[in-house]
$ cat target.cif   # mmCIF, C-alpha atoms and all ligand atoms
data_data
#
loop_
_atom_site.group_PDB
_atom_site.id
_atom_site.type_symbol
_atom_site.label_atom_id
_atom_site.label_comp_id
_atom_site.auth_asym_id
_atom_site.auth_seq_id
_atom_site.Cartn_x
_atom_site.Cartn_y
_atom_site.Cartn_z
ATOM 1 C CA MET C 1 0.000 0.000 0.000
ATOM 2 C CA ASP C 2 1.508 3.351 -0.907
ATOM 3 C CA ALA C 3 1.963 6.069 1.672
ATOM 4 C CA ASP C 4 -0.856 8.240 0.275
ATOM 5 C CA GLU C 5 -3.400 5.460 0.617
ATOM 6 C CA LEU C 6 -2.268 4.717 4.139
ATOM 7 C CA ILE C 7 -2.492 8.409 5.071
ATOM 8 C CA ARG C 8 -6.000 8.477 3.596
ATOM 9 C CA LEU C 9 -7.109 5.519 5.717
ATOM 10 C CA ILE C 10 -5.577 7.028 8.849
ATOM 11 C CA SER C 11 -7.294 10.368 8.229
ATOM 12 C CA ILE C 12 -10.712 8.779 7.709
ATOM 13 C CA SER C 13 -10.340 7.008 11.005
ATOM 14 C CA ARG C 14 -9.266 10.212 12.778
ATOM 15 C CA ASP C 15 -11.635 12.684 11.152
ATOM 16 C CA ARG C 16 -14.767 10.614 10.747
ATOM 17 C CA PRO C 17 -14.834 8.245 13.695
ATOM 18 C CA LEU C 18 -17.937 6.115 14.094
ATOM 19 C CA LEU C 19 -18.609 6.212 17.791
ATOM 20 C CA PRO C 20 -20.872 3.438 19.029
ATOM 21 C CA GLU C 21 -22.069 5.823 21.752
ATOM 22 C CA SER C 22 -23.844 8.006 19.202
ATOM 23 C CA TYR C 23 -24.041 5.775 16.119
ATOM 24 C CA ILE C 24 -26.097 2.995 17.699
ATOM 25 C CA PRO C 25 -29.722 3.679 18.684
ATOM 26 C CA TRP C 26 -29.241 2.147 22.137
ATOM 27 C CA GLN C 27 -32.722 3.120 23.279
ATOM 28 C CA ASN C 28 -34.568 1.320 20.471
ATOM 29 C CA PRO C 29 -36.542 -1.685 21.660
ATOM 30 C CA ILE C 30 -36.979 -4.572 19.254
ATOM 31 C CA GLY C 31 -39.907 -3.978 16.858
ATOM 32 C CA ALA C 32 -42.911 -6.316 16.716
ATOM 33 C CA ASP C 33 -41.922 -7.768 13.358
ATOM 34 C CA GLU C 34 -38.152 -7.684 13.855
ATOM 35 C CA TYR C 35 -35.848 -10.569 14.711
ATOM 36 C CA PHE C 36 -32.382 -10.731 16.185
ATOM 37 C CA LEU C 37 -30.824 -12.648 13.346
ATOM 38 C CA PRO C 38 -31.954 -13.208 9.755
ATOM 39 C CA GLU C 39 -33.680 -16.560 9.891
ATOM 40 C CA HIS C 40 -31.378 -18.284 7.406
ATOM 41 C CA LEU C 41 -28.425 -17.622 9.729
ATOM 42 C CA ASN C 42 -30.016 -19.576 12.586
ATOM 43 C CA SER C 43 -28.176 -22.833 13.074
ATOM 44 C CA LEU C 44 -31.351 -24.936 13.036
ATOM 45 C CA GLU C 45 -33.210 -23.277 10.168
ATOM 46 C CA GLY C 46 -33.669 -25.875 7.456
ATOM 47 C CA THR C 47 -33.818 -28.873 9.827
ATOM 48 C CA GLU C 48 -36.851 -30.948 10.831
ATOM 49 C CA ILE C 49 -36.601 -29.721 14.416
ATOM 50 C CA TYR C 50 -36.820 -26.087 13.318
ATOM 51 C CA LYS C 51 -40.273 -26.727 11.835
ATOM 52 C CA THR C 52 -41.532 -27.791 15.249
ATOM 53 C CA LEU C 53 -40.493 -24.539 16.967
ATOM 54 C CA ASP C 54 -43.015 -21.799 17.668
ATOM 55 C CA LEU C 55 -42.370 -18.140 16.856
ATOM 56 C CA ARG C 56 -41.135 -17.299 20.318
ATOM 57 C CA GLN C 57 -38.646 -20.161 20.266
ATOM 58 C CA LYS C 58 -37.331 -19.101 16.859
ATOM 59 C CA LEU C 59 -36.884 -15.565 18.121
ATOM 60 C CA GLU C 60 -35.135 -16.808 21.231
ATOM 61 C CA LEU C 61 -32.822 -19.012 19.192
ATOM 62 C CA GLY C 62 -31.801 -15.947 17.150
ATOM 63 C CA ARG C 63 -31.215 -13.924 20.302
ATOM 64 C CA HIS C 64 -28.952 -16.533 21.890
ATOM 65 C CA GLU C 65 -27.050 -17.146 18.670
ATOM 66 C CA VAL C 66 -26.453 -13.500 17.854
ATOM 67 C CA VAL C 67 -25.129 -13.072 21.387
ATOM 68 C CA GLN C 68 -22.758 -15.950 20.715
ATOM 69 C CA VAL C 69 -21.633 -14.339 17.450
ATOM 70 C CA MET C 70 -20.909 -10.993 19.098
ATOM 71 C CA TYR C 71 -19.173 -12.650 22.008
ATOM 72 C CA SER C 72 -16.862 -14.621 19.731
ATOM 73 C CA TYR C 73 -16.062 -11.543 17.593
ATOM 74 C CA ALA C 74 -15.195 -9.572 20.706
ATOM 75 C CA TRP C 75 -13.083 -12.411 22.047
ATOM 76 C CA GLY C 76 -11.219 -12.881 18.775
ATOM 77 C CA GLU C 77 -10.650 -9.144 18.418
ATOM 78 C CA GLY C 78 -9.372 -8.951 21.987
ATOM 79 C CA LEU C 79 -6.829 -11.611 21.167
ATOM 80 C CA PHE C 80 -5.763 -9.772 18.039
ATOM 81 C CA CYS C 81 -5.382 -6.511 19.993
ATOM 82 C CA LEU C 82 -3.057 -8.329 22.358
ATOM 83 C CA PHE C 83 -0.894 -9.270 19.438
ATOM 84 C CA MET C 84 -1.070 -5.849 17.704
ATOM 85 C CA ASN C 85 -0.045 -4.157 20.929
ATOM 86 C CA LYS C 86 3.082 -6.257 21.070
ATOM 87 C CA TYR C 87 3.761 -5.807 17.372
ATOM 88 C CA ILE C 88 3.648 -2.000 17.348
ATOM 89 C CA MET C 89 6.087 -1.799 20.257
ATOM 90 C CA GLY C 90 8.809 -2.533 17.738
ATOM 91 C CA LEU C 91 7.779 0.280 15.375
ATOM 92 C CA SER C 92 8.620 3.934 15.466
ATOM 93 C CA PRO C 93 5.878 6.592 15.904
ATOM 94 C CA ASP C 94 6.772 8.188 12.574
ATOM 95 C CA ASN C 95 6.059 4.890 10.833
ATOM 96 C CA LEU C 96 2.734 4.905 8.943
ATOM 97 C CA GLU C 97 2.038 1.295 9.753
ATOM 98 C CA TYR C 98 2.393 2.164 13.423
ATOM 99 C CA GLN C 99 -0.067 5.030 13.034
ATOM 100 C CA PHE C 100 -2.579 2.905 11.160
ATOM 101 C CA LEU C 101 -2.377 0.039 13.656
ATOM 102 C CA LEU C 102 -2.927 2.450 16.536
ATOM 103 C CA ARG C 103 -6.138 3.584 14.816
ATOM 104 C CA GLU C 104 -7.080 -0.036 14.258
ATOM 105 C CA LEU C 105 -6.485 -0.812 17.927
ATOM 106 C CA ILE C 106 -8.673 2.121 18.980
ATOM 107 C CA GLU C 107 -11.440 0.919 16.661
ATOM 108 C CA GLU C 108 -11.140 -2.693 17.744
ATOM 109 C CA PHE C 109 -11.459 -1.703 21.382
ATOM 110 C CA ARG C 110 -14.547 0.316 20.548
ATOM 111 C CA HIS C 111 -15.968 -2.713 18.730
ATOM 112 C CA GLN C 112 -15.403 -4.939 21.716
ATOM 113 C CA GLU C 113 -17.205 -2.483 23.945
ATOM 114 C CA MET C 114 -20.014 -2.134 21.405
ATOM 115 C CA PHE C 115 -20.478 -5.902 21.254
ATOM 116 C CA SER C 116 -20.477 -6.301 25.003
ATOM 117 C CA ARG C 117 -22.947 -3.440 25.418
ATOM 118 C CA SER C 118 -25.204 -5.042 22.791
ATOM 119 C CA ILE C 119 -25.018 -8.373 24.610
ATOM 120 C CA LEU C 120 -26.125 -6.641 27.803
ATOM 121 C CA LYS C 121 -28.912 -4.873 25.951
ATOM 122 C CA LEU C 122 -30.112 -8.258 24.645
ATOM 123 C CA GLU C 123 -29.862 -9.696 28.159
ATOM 124 C CA GLY C 124 -27.612 -12.345 26.672
ATOM 125 C CA LYS C 125 -25.674 -14.953 28.584
ATOM 126 C CA PRO C 126 -22.750 -15.876 26.341
ATOM 127 C CA ILE C 127 -21.530 -19.418 26.627
ATOM 128 C CA LYS C 128 -17.851 -19.075 27.346
ATOM 129 C CA ILE C 129 -15.279 -20.382 24.937
ATOM 130 C CA SER C 130 -14.032 -23.873 25.707
ATOM 131 C CA PRO C 131 -10.684 -24.397 27.495
ATOM 132 C CA GLY C 132 -9.408 -25.860 24.207
ATOM 133 C CA HIS C 133 -10.275 -22.668 22.314
ATOM 134 C CA ARG C 134 -8.685 -20.589 25.040
ATOM 135 C CA ILE C 135 -5.442 -22.552 25.041
ATOM 136 C CA ILE C 136 -5.120 -22.533 21.257
ATOM 137 C CA GLY C 137 -5.953 -18.815 21.114
ATOM 138 C CA ASN C 138 -3.349 -17.913 23.707
ATOM 139 C CA ILE C 139 -0.651 -20.119 22.262
ATOM 140 C CA THR C 140 -1.112 -18.871 18.719
ATOM 141 C CA THR C 141 -1.085 -15.228 19.826
ATOM 142 C CA LYS C 142 2.179 -15.791 21.636
ATOM 143 C CA LEU C 143 3.947 -18.117 19.229
ATOM 144 C CA LEU C 144 2.861 -17.637 15.639
ATOM 145 C CA PRO C 145 4.895 -15.296 13.425
ATOM 146 C CA VAL C 146 3.474 -11.940 12.385
ATOM 147 C CA ASP C 147 2.328 -12.963 8.908
ATOM 148 C CA CYS C 148 0.360 -15.938 10.252
ATOM 149 C CA LEU C 149 -1.391 -13.846 12.873
ATOM 150 C CA PHE C 150 -2.429 -11.245 10.330
ATOM 151 C CA MET C 151 -3.566 -14.049 8.067
ATOM 152 C CA GLY C 152 -5.726 -15.513 10.830
ATOM 153 C CA SER C 153 -7.219 -12.200 11.779
ATOM 154 C CA LEU C 154 -8.000 -11.320 8.170
ATOM 155 C CA SER C 155 -9.918 -14.540 7.660
ATOM 156 C CA ILE C 156 -12.044 -13.815 10.725
ATOM 157 C CA GLU C 157 -12.588 -10.228 9.596
ATOM 158 C CA MET C 158 -13.725 -11.460 6.193
ATOM 159 C CA VAL C 159 -16.232 -13.907 7.634
ATOM 160 C CA SER C 160 -17.610 -11.348 10.068
ATOM 161 C CA ASP C 161 -17.867 -8.878 7.202
ATOM 162 C CA ARG C 162 -19.946 -11.323 5.186
ATOM 163 C CA TYR C 163 -22.078 -12.244 8.169
ATOM 164 C CA GLY C 164 -22.629 -8.609 9.114
ATOM 165 C CA ASN C 165 -23.669 -7.877 5.583
ATOM 166 C CA PHE C 166 -26.560 -10.338 5.773
ATOM 167 C CA ALA C 167 -27.769 -8.944 9.068
ATOM 168 C CA ARG C 168 -27.330 -5.317 8.043
ATOM 169 C CA LYS C 169 -29.118 -5.629 4.721
ATOM 170 C CA ASP C 170 -32.142 -7.445 6.081
ATOM 171 C CA PRO C 171 -34.691 -4.735 7.029
ATOM 172 C CA LYS C 172 -36.273 -7.078 9.559
ATOM 173 C CA THR C 173 -33.120 -7.372 11.652
ATOM 174 C CA TYR C 174 -33.485 -5.532 14.977
ATOM 175 C CA SER C 175 -32.641 -1.869 14.225
ATOM 176 C CA LEU C 176 -30.040 -1.672 16.988
ATOM 177 C CA LEU C 177 -28.167 -4.715 15.695
ATOM 178 C CA ARG C 178 -28.373 -3.490 12.123
ATOM 179 C CA LYS C 179 -26.448 -0.400 13.138
ATOM 180 C CA VAL C 180 -23.956 -2.468 15.144
ATOM 181 C CA PHE C 181 -23.190 -4.598 12.108
ATOM 182 C CA GLU C 182 -23.135 -1.572 9.831
ATOM 183 C CA LEU C 183 -20.561 0.241 11.957
ATOM 184 C CA HIS C 184 -18.480 -2.886 12.226
ATOM 185 C CA GLN C 185 -18.562 -3.533 8.539
ATOM 186 C CA ILE C 186 -17.487 -0.009 7.587
ATOM 187 C CA GLU C 187 -14.453 -0.068 9.859
ATOM 188 C CA GLU C 188 -13.506 -3.648 9.146
ATOM 189 C CA GLY C 189 -13.585 -2.772 5.451
ATOM 190 C CA ARG C 190 -10.621 -0.450 6.051
ATOM 191 C CA HIS C 191 -8.796 -3.009 8.170
ATOM 192 C CA ILE C 192 -9.259 -5.608 5.442
ATOM 193 C CA LEU C 193 -7.799 -3.243 2.823
ATOM 194 C CA PHE C 194 -4.713 -2.710 4.926
ATOM 195 C CA THR C 195 -4.244 -6.339 5.978
ATOM 196 C CA LYS C 196 -4.776 -7.738 2.485
ATOM 197 C CA ASP C 197 -2.186 -5.389 1.129
ATOM 198 C CA MET C 198 0.222 -6.253 3.891
ATOM 199 C CA LEU C 199 -0.233 -9.961 3.263
ATOM 200 C CA ALA C 200 0.228 -9.572 -0.482
ATOM 201 C CA LYS C 201 3.901 -8.928 0.263
ATOM 202 C CA PHE C 202 4.184 -12.128 2.294
ATOM 203 C CA THR C 203 2.294 -14.352 -0.109
ATOM 204 C CA ALA C 204 4.168 -13.054 -3.157
ATOM 205 C CA LYS C 205 7.413 -14.560 -1.931
ATOM 206 C CA ALA C 206 5.934 -17.636 -0.216
ATOM 207 C CA GLY C 207 6.883 -21.076 -1.486
ATOM 208 C CA PHE C 208 4.899 -24.306 -1.243
ATOM 209 C CA ILE C 209 5.462 -24.858 2.484
ATOM 210 C CA ARG C 210 4.662 -21.311 3.475
ATOM 211 C CA ARG C 211 1.493 -21.299 1.395
ATOM 212 C CA THR C 212 0.481 -24.575 3.013
ATOM 213 C CA VAL C 213 1.008 -23.098 6.475
ATOM 214 C CA TYR C 214 -1.013 -19.971 5.570
ATOM 215 C CA SER C 215 -3.798 -22.118 4.203
ATOM 216 C CA PHE C 216 -4.011 -24.110 7.454
ATOM 217 C CA VAL C 217 -3.911 -20.943 9.542
ATOM 218 C CA VAL C 218 -6.891 -19.540 7.635
ATOM 219 C CA LEU C 219 -8.743 -22.850 7.800
ATOM 220 C CA PHE C 220 -8.278 -23.314 11.543
ATOM 221 C CA ASN C 221 -9.282 -19.760 12.281
ATOM 222 C CA ILE C 222 -12.540 -20.137 10.431
ATOM 223 C CA TYR C 223 -13.188 -23.529 11.943
ATOM 224 C CA PHE C 224 -12.545 -21.960 15.323
ATOM 225 C CA LEU C 225 -15.126 -19.247 14.666
ATOM 226 C CA ARG C 226 -17.722 -21.688 13.415
ATOM 227 C CA THR C 227 -17.456 -23.997 16.397
ATOM 228 C CA LEU C 228 -17.950 -21.150 18.866
ATOM 229 C CA TYR C 229 -21.449 -20.731 17.581
ATOM 230 C CA VAL C 230 -23.432 -23.984 17.622
ATOM 231 C CA LYS C 231 -24.046 -24.859 21.271
ATOM 232 C CA LYS C 232 -26.190 -27.558 22.853
ATOM 233 C CA GLU C 233 -26.960 -25.351 25.838
ATOM 234 C CA ILE C 234 -28.749 -22.883 23.575
ATOM 235 C CA TYR C 235 -31.223 -25.548 22.470
ATOM 236 C CA GLN C 236 -31.888 -26.339 26.123
ATOM 237 C CA ARG C 237 -32.547 -22.690 26.858
ATOM 238 C CA VAL C 238 -34.961 -22.436 23.940
ATOM 239 C CA GLY C 239 -36.901 -25.402 25.388
ATOM 240 C CA ILE C 240 -36.232 -28.003 22.711
ATOM 241 C CA SER C 241 -37.149 -31.434 24.096
ATOM 242 C CA ASN C 242 -34.131 -33.264 22.680
ATOM 243 C CA PRO C 243 -31.250 -30.770 22.728
ATOM 244 C CA ALA C 244 -28.647 -33.439 21.948
ATOM 245 C CA LEU C 245 -30.409 -34.359 18.709
ATOM 246 C CA ALA C 246 -30.901 -30.688 17.860
ATOM 247 C CA TYR C 247 -27.180 -30.173 18.386
ATOM 248 C CA GLN C 248 -26.294 -33.010 16.009
ATOM 249 C CA GLN C 249 -28.646 -31.703 13.320
ATOM 250 C CA ALA C 250 -27.529 -28.107 13.794
ATOM 251 C CA LYS C 251 -23.857 -28.992 13.505
ATOM 252 C CA ARG C 252 -24.393 -30.635 10.134
ATOM 253 C CA ASN C 253 -26.865 -28.022 8.961
ATOM 254 C CA TYR C 254 -24.779 -25.047 10.006
ATOM 255 C CA LYS C 255 -21.652 -26.456 8.434
ATOM 256 C CA GLU C 256 -23.481 -26.532 5.097
ATOM 257 C CA LYS C 257 -24.968 -23.076 5.532
ATOM 258 C CA PHE C 258 -21.669 -21.589 6.544
ATOM 259 C CA THR C 259 -20.027 -23.115 3.514
ATOM 260 C CA GLN C 260 -22.701 -21.749 1.213
ATOM 261 C CA SER C 261 -23.103 -18.266 2.610
ATOM 262 C CA CYS C 262 -19.903 -17.234 4.368
ATOM 263 C CA LEU C 263 -17.068 -18.998 2.671
ATOM 264 C CA MET C 264 -16.935 -17.600 -0.872
ATOM 265 C CA ASP C 265 -14.711 -14.608 -0.161
ATOM 266 C CA ILE C 266 -12.303 -16.689 1.873
ATOM 267 C CA ILE C 267 -12.037 -19.318 -0.808
ATOM 268 C CA SER C 268 -11.242 -16.816 -3.518
ATOM 269 C CA PHE C 269 -8.749 -15.138 -1.198
ATOM 270 C CA VAL C 270 -6.911 -18.385 -0.444
ATOM 271 C CA ASP C 271 -7.077 -19.313 -4.091
ATOM 272 C CA SER C 272 -5.536 -15.968 -5.094
ATOM 273 C CA TRP C 273 -2.200 -17.005 -3.547
ATOM 274 C CA ASN C 274 -2.499 -20.707 -4.439
ATOM 275 C CA GLY C 275 -3.328 -21.841 -0.925
ATOM 276 C CA PHE C 276 -5.141 -24.929 -2.187
ATOM 277 C CA ASN C 277 -2.694 -27.694 -2.943
ATOM 278 C CA THR C 278 -2.282 -31.426 -2.384
ATOM 279 C CA ALA C 279 -1.373 -30.855 1.262
ATOM 280 C CA THR C 280 -4.320 -28.623 2.122
ATOM 281 C CA ARG C 281 -7.237 -29.459 -0.140
ATOM 282 C CA TRP C 282 -8.383 -32.518 1.798
ATOM 283 C CA ALA C 283 -8.573 -30.541 5.054
ATOM 284 C CA TRP C 284 -10.695 -27.804 3.484
ATOM 285 C CA ARG C 285 -13.057 -30.418 2.105
ATOM 286 C CA TRP C 286 -13.214 -32.339 5.344
ATOM 287 C CA LEU C 287 -13.565 -29.512 7.876
ATOM 288 C CA MET C 288 -15.409 -26.955 5.775
ATOM 289 C CA GLY C 289 -17.154 -29.062 3.151
ATOM 290 C CA ALA C 290 -15.560 -26.646 0.672
ATOM 291 C CA ASN C 291 -15.616 -27.556 -2.965
ATOM 292 C CA VAL C 292 -11.954 -26.862 -3.678
HETATM 293 FE FE FE C 301 -13.687 -5.230 14.764
HETATM 294 FE FE FE C 302 -10.514 -5.394 12.401
#

$ encode --input "target.cif" --output "structure tokens"
Amino acid sequence: MDADELIRLISISRDRPLLPESYIPWQNPIGADEYFLPEHLNSLEGTEIYKTLDLRQKLELGRHEVVQVMYSYAWGEGLFCLFMNKYIMGLSPDNLEYQFLLRELIEEFRHQEMFSRSILKLEGKPIKISPGHRIIGNITTKLLPVDCLFMGSLSIEMVSDRYGNFARKDPKTYSLLRKVFELHQIEEGRHILFTKDMLAKFTAKAGFIRRTVYSFVVLFNIYFLRTLYVKKEIYQRVGISNPALAYQQAKRNYKEKFTQSCLMDIISFVDSWNGFNTATRWAWRWLMGANV
């Protein structure tokens, strides 16, 4: 990215900040015909069990799942902030990358607060990440090299961008959440521009092994995000009589949905630097059901 473009992105962030405090209509209650999550993003929509749910249960399912989505974004962004903080310590204040990443950190902290405030507003009770997720998250933040961490964060940003787009564009999504996703998408759009450009330098000189590693980093990050979402406890809360069966159906169903609706951008991104090869293709097919 040339200096002018970087200066432009920094200035937008400084001069036209989107403050959740004023941008989000915090006082708006949910409208009578609104839902928390577009129906097709619900994990159970499309299964036999979903047909047996009443309207209130469907609404509740959306509320619990959108809480889970916002919780996992905030958690993932918190982890990335930890890493960015360490990374910028090695840069000089007159460095443009340093200045941009400081703006990104400010925005990411605002996002985390926005998500947690929304969760409170929705009276949500997020189901905490598993110890396995926590351990992997902490280890990767501490041990992975810079390029891999940016790669991982970009893949999560791209999925959340896609997801937010569905929620934001659906006029029946709860007005407060529509604005939350809109704000997030605008700012993440700038982060994606920067990160993609930064990674272009790394991928241009990467050989077979490096590309394989990048491909796995992206894959595991997305898998990580997806598995934070479908939770048996949510089906219990909604009052489904056989939550274990619902969980099994939802896992399969959501894997397919996720592949169809959220994966396209990621696949073309990975493909753009030849991340699909004999060492990686099987894993993408197996874990993501991706047709690569
Ligand atoms: Fe964010
Ligand atoms: Fe971001």

$ atom_distance --input "target.cif" --atom1 "atom CA of C:Pro20" --atom2 "atom CA of C:Glu39"
25.4 Å

$ resolve_selection --input "target.cif" --expression "the PyMOL selection byres (((chain C and resi 113) around 12) and not hetatm)" --output "list in words"
Leu19, Pro20, Glu21, Met70, Tyr71, Tyr73, Ala74, Trp75, Glu77, Gly78, Ile106, Glu107, Glu108, Phe109, Arg110, His111, Gln112, Met114, Phe115, Ser116, Arg117, Ser118, Ile119, Leu120, Val180 and His184 of chain C

$ residues_near_ligand --input "target.cif" --ligand "ligand FE 302 (chain C)" --cutoff "8 Å" --atoms "only C-alpha atoms and all ligand atoms" --output "list in words"
Glu77, Glu104, Glu107, Glu108, Ser153, Leu154, Glu157, Glu187, Glu188, His191 and Ile192 of chain C

$ axis_aligned_box --input "target.cif" --around "stretch 213-224 of chain C" --padding-each-side "4 Å" --output "JSON"
{"center_x": -6.1, "center_y": -21.8, "center_z": 9.8, "size_x": 22.2, "size_y": 12.6, "size_z": 19.1}

$ resolve_selection --input "target.cif" --expression "the PyMOL selection byres (((chain C and resi 225) around 9) and not hetatm)" --output "PyMOL selection string"
chain C and resi 69+72-73+76+156+159+220-224+226-229

$ residues_around --input "target.cif" --residues "C:Ile267" --least-positions-apart "6" --cutoff "10 Å" --atoms "all atoms listed in the file" --output "PyMOL selection string"
chain C and resi 155+218-219+259+275-276+284+290-292

$ closest_residue --input "target.cif" --among "C:Ser11, C:Gln185, C:Gln99, C:Gln68" --to "ligand FE 301 (chain C)" --atoms "only C-alpha atoms and all ligand atoms"
C:Gln185

$ residues_around --input "target.cif" --residues "C:Thr141" --least-positions-apart "6" --cutoff "9 Å" --atoms "all atoms listed in the file" --output "list in words"
Leu79, Phe80, Leu82, Phe83 and Leu149 of chain C

$ residues_around --input "target.cif" --residues "C:Pro38" --least-positions-apart "3" --cutoff "9 Å" --atoms "all atoms listed in the file" --output "JSON, numbers by chain"
{"C": [35, 41, 42, 62, 166, 167, 170, 172, 173]}

$ closest_residue --input "target.cif" --among "C:Leu183, C:Ile240, C:Leu245, C:Leu91" --to "ligand FE 301 (chain C)" --atoms "all atoms listed in the file"
C:Leu183

$ resolve_selection --input "target.cif" --expression "the PyMOL selection byres (((chain C and resi 247-257) around 10) and not hetatm)" --output "VMD selection string"
chain C and resid 40 to 50 223 226 to 227 229 to 236 242 to 246 258 to 263 287 to 290

$ atom_distance --input "target.cif" --atom1 "atom CA of C:Leu176" --atom2 "atom CA of C:Cys81"
25.3 Å

$ closest_residue --input "target.cif" --among "C:Arg134, C:Lys142, C:Lys51, C:Arg190" --to "ligand FE 301 (chain C)" --atoms "all atoms listed in the file"
C:Arg190

$ closest_residue --input "target.cif" --among "C:Asp54, C:Lys179, C:Arg210, C:Arg103" --to "C:Ser22" --atoms "all atoms listed in the file"
C:Lys179

$ atom_distance --input "target.cif" --atom1 "atom CA of C:Gly90" --atom2 "atom CA of C:Ile10"
19.4 Å

$ closest_residue --input "target.cif" --among "C:Ile129, C:Ala32, C:Ile7, C:Ile186" --to "ligand FE 301 (chain C)" --atoms "only C-alpha atoms and all ligand atoms"
C:Ile186

$ residues_near_point --input "target.cif" --point "(-41.1, 0.8, 13.2)" --cutoff "10 Å" --atoms "all atoms listed in the file" --output "list in words"
Asn28, Pro29, Ile30, Gly31, Ala32, Asp33, Glu34, Lys172 and Ser175 of chain C

$ closest_residue --input "target.cif" --among "C:Pro93, C:Ala200, C:Gly189, C:Val238" --to "ligand FE 301 (chain C)" --atoms "only C-alpha atoms and all ligand atoms"
C:Gly189

$ decode --input "target.cif" --residues "stretch 95-133 of chain C" --atoms "C-alpha atoms" --output "mmCIF file, in the first residue's frame"
data_model
loop_
_atom_site.group_PDB
_atom_site.id
_atom_site.type_symbol
_atom_site.label_atom_id
_atom_site.label_comp_id
_atom_site.auth_asym_id
_atom_site.auth_seq_id
_atom_site.Cartn_x
_atom_site.Cartn_y
_atom_site.Cartn_z
ATOM 1 C CA ASN C 95 6.059 4.890 10.833
ATOM 2 C CA LEU C 96 2.734 4.905 8.943
ATOM 3 C CA GLU C 97 2.038 1.295 9.753
ATOM 4 C CA TYR C 98 2.393 2.164 13.423
ATOM 5 C CA GLN C 99 -0.067 5.030 13.034
ATOM 6 C CA PHE C 100 -2.579 2.905 11.160
ATOM 7 C CA LEU C 101 -2.377 0.039 13.656
ATOM 8 C CA LEU C 102 -2.927 2.450 16.536
ATOM 9 C CA ARG C 103 -6.138 3.584 14.816
ATOM 10 C CA GLU C 104 -7.080 -0.036 14.258
ATOM 11 C CA LEU C 105 -6.485 -0.812 17.927
ATOM 12 C CA ILE C 106 -8.673 2.121 18.980
ATOM 13 C CA GLU C 107 -11.440 0.919 16.661
ATOM 14 C CA GLU C 108 -11.140 -2.693 17.744
ATOM 15 C CA PHE C 109 -11.459 -1.703 21.382
ATOM 16 C CA ARG C 110 -14.547 0.316 20.548
ATOM 17 C CA HIS C 111 -15.968 -2.713 18.730
ATOM 18 C CA GLN C 112 -15.403 -4.939 21.716
ATOM 19 C CA GLU C 113 -17.205 -2.483 23.945
ATOM 20 C CA MET C 114 -20.014 -2.134 21.405
ATOM 21 C CA PHE C 115 -20.478 -5.902 21.254
ATOM 22 C CA SER C 116 -20.477 -6.301 25.003
ATOM 23 C CA ARG C 117 -22.947 -3.440 25.418
ATOM 24 C CA SER C 118 -25.204 -5.042 22.791
ATOM 25 C CA ILE C 119 -25.018 -8.373 24.610
ATOM 26 C CA LEU C 120 -26.125 -6.641 27.803
ATOM 27 C CA LYS C 121 -28.912 -4.873 25.951
ATOM 28 C CA LEU C 122 -30.112 -8.258 24.645
ATOM 29 C CA GLU C 123 -29.862 -9.696 28.159
ATOM 30 C CA GLY C 124 -27.612 -12.345 26.672
ATOM 31 C CA LYS C 125 -25.674 -14.953 28.584
ATOM 32 C CA PRO C 126 -22.750 -15.876 26.341
ATOM 33 C CA ILE C 127 -21.530 -19.418 26.627
ATOM 34 C CA LYS C 128 -17.851 -19.075 27.346
ATOM 35 C CA ILE C 129 -15.279 -20.382 24.937
ATOM 36 C CA SER C 130 -14.032 -23.873 25.707
ATOM 37 C CA PRO C 131 -10.684 -24.397 27.495
ATOM 38 C CA GLY C 132 -9.408 -25.860 24.207
ATOM 39 C CA HIS C 133 -10.275 -22.668 22.314
#
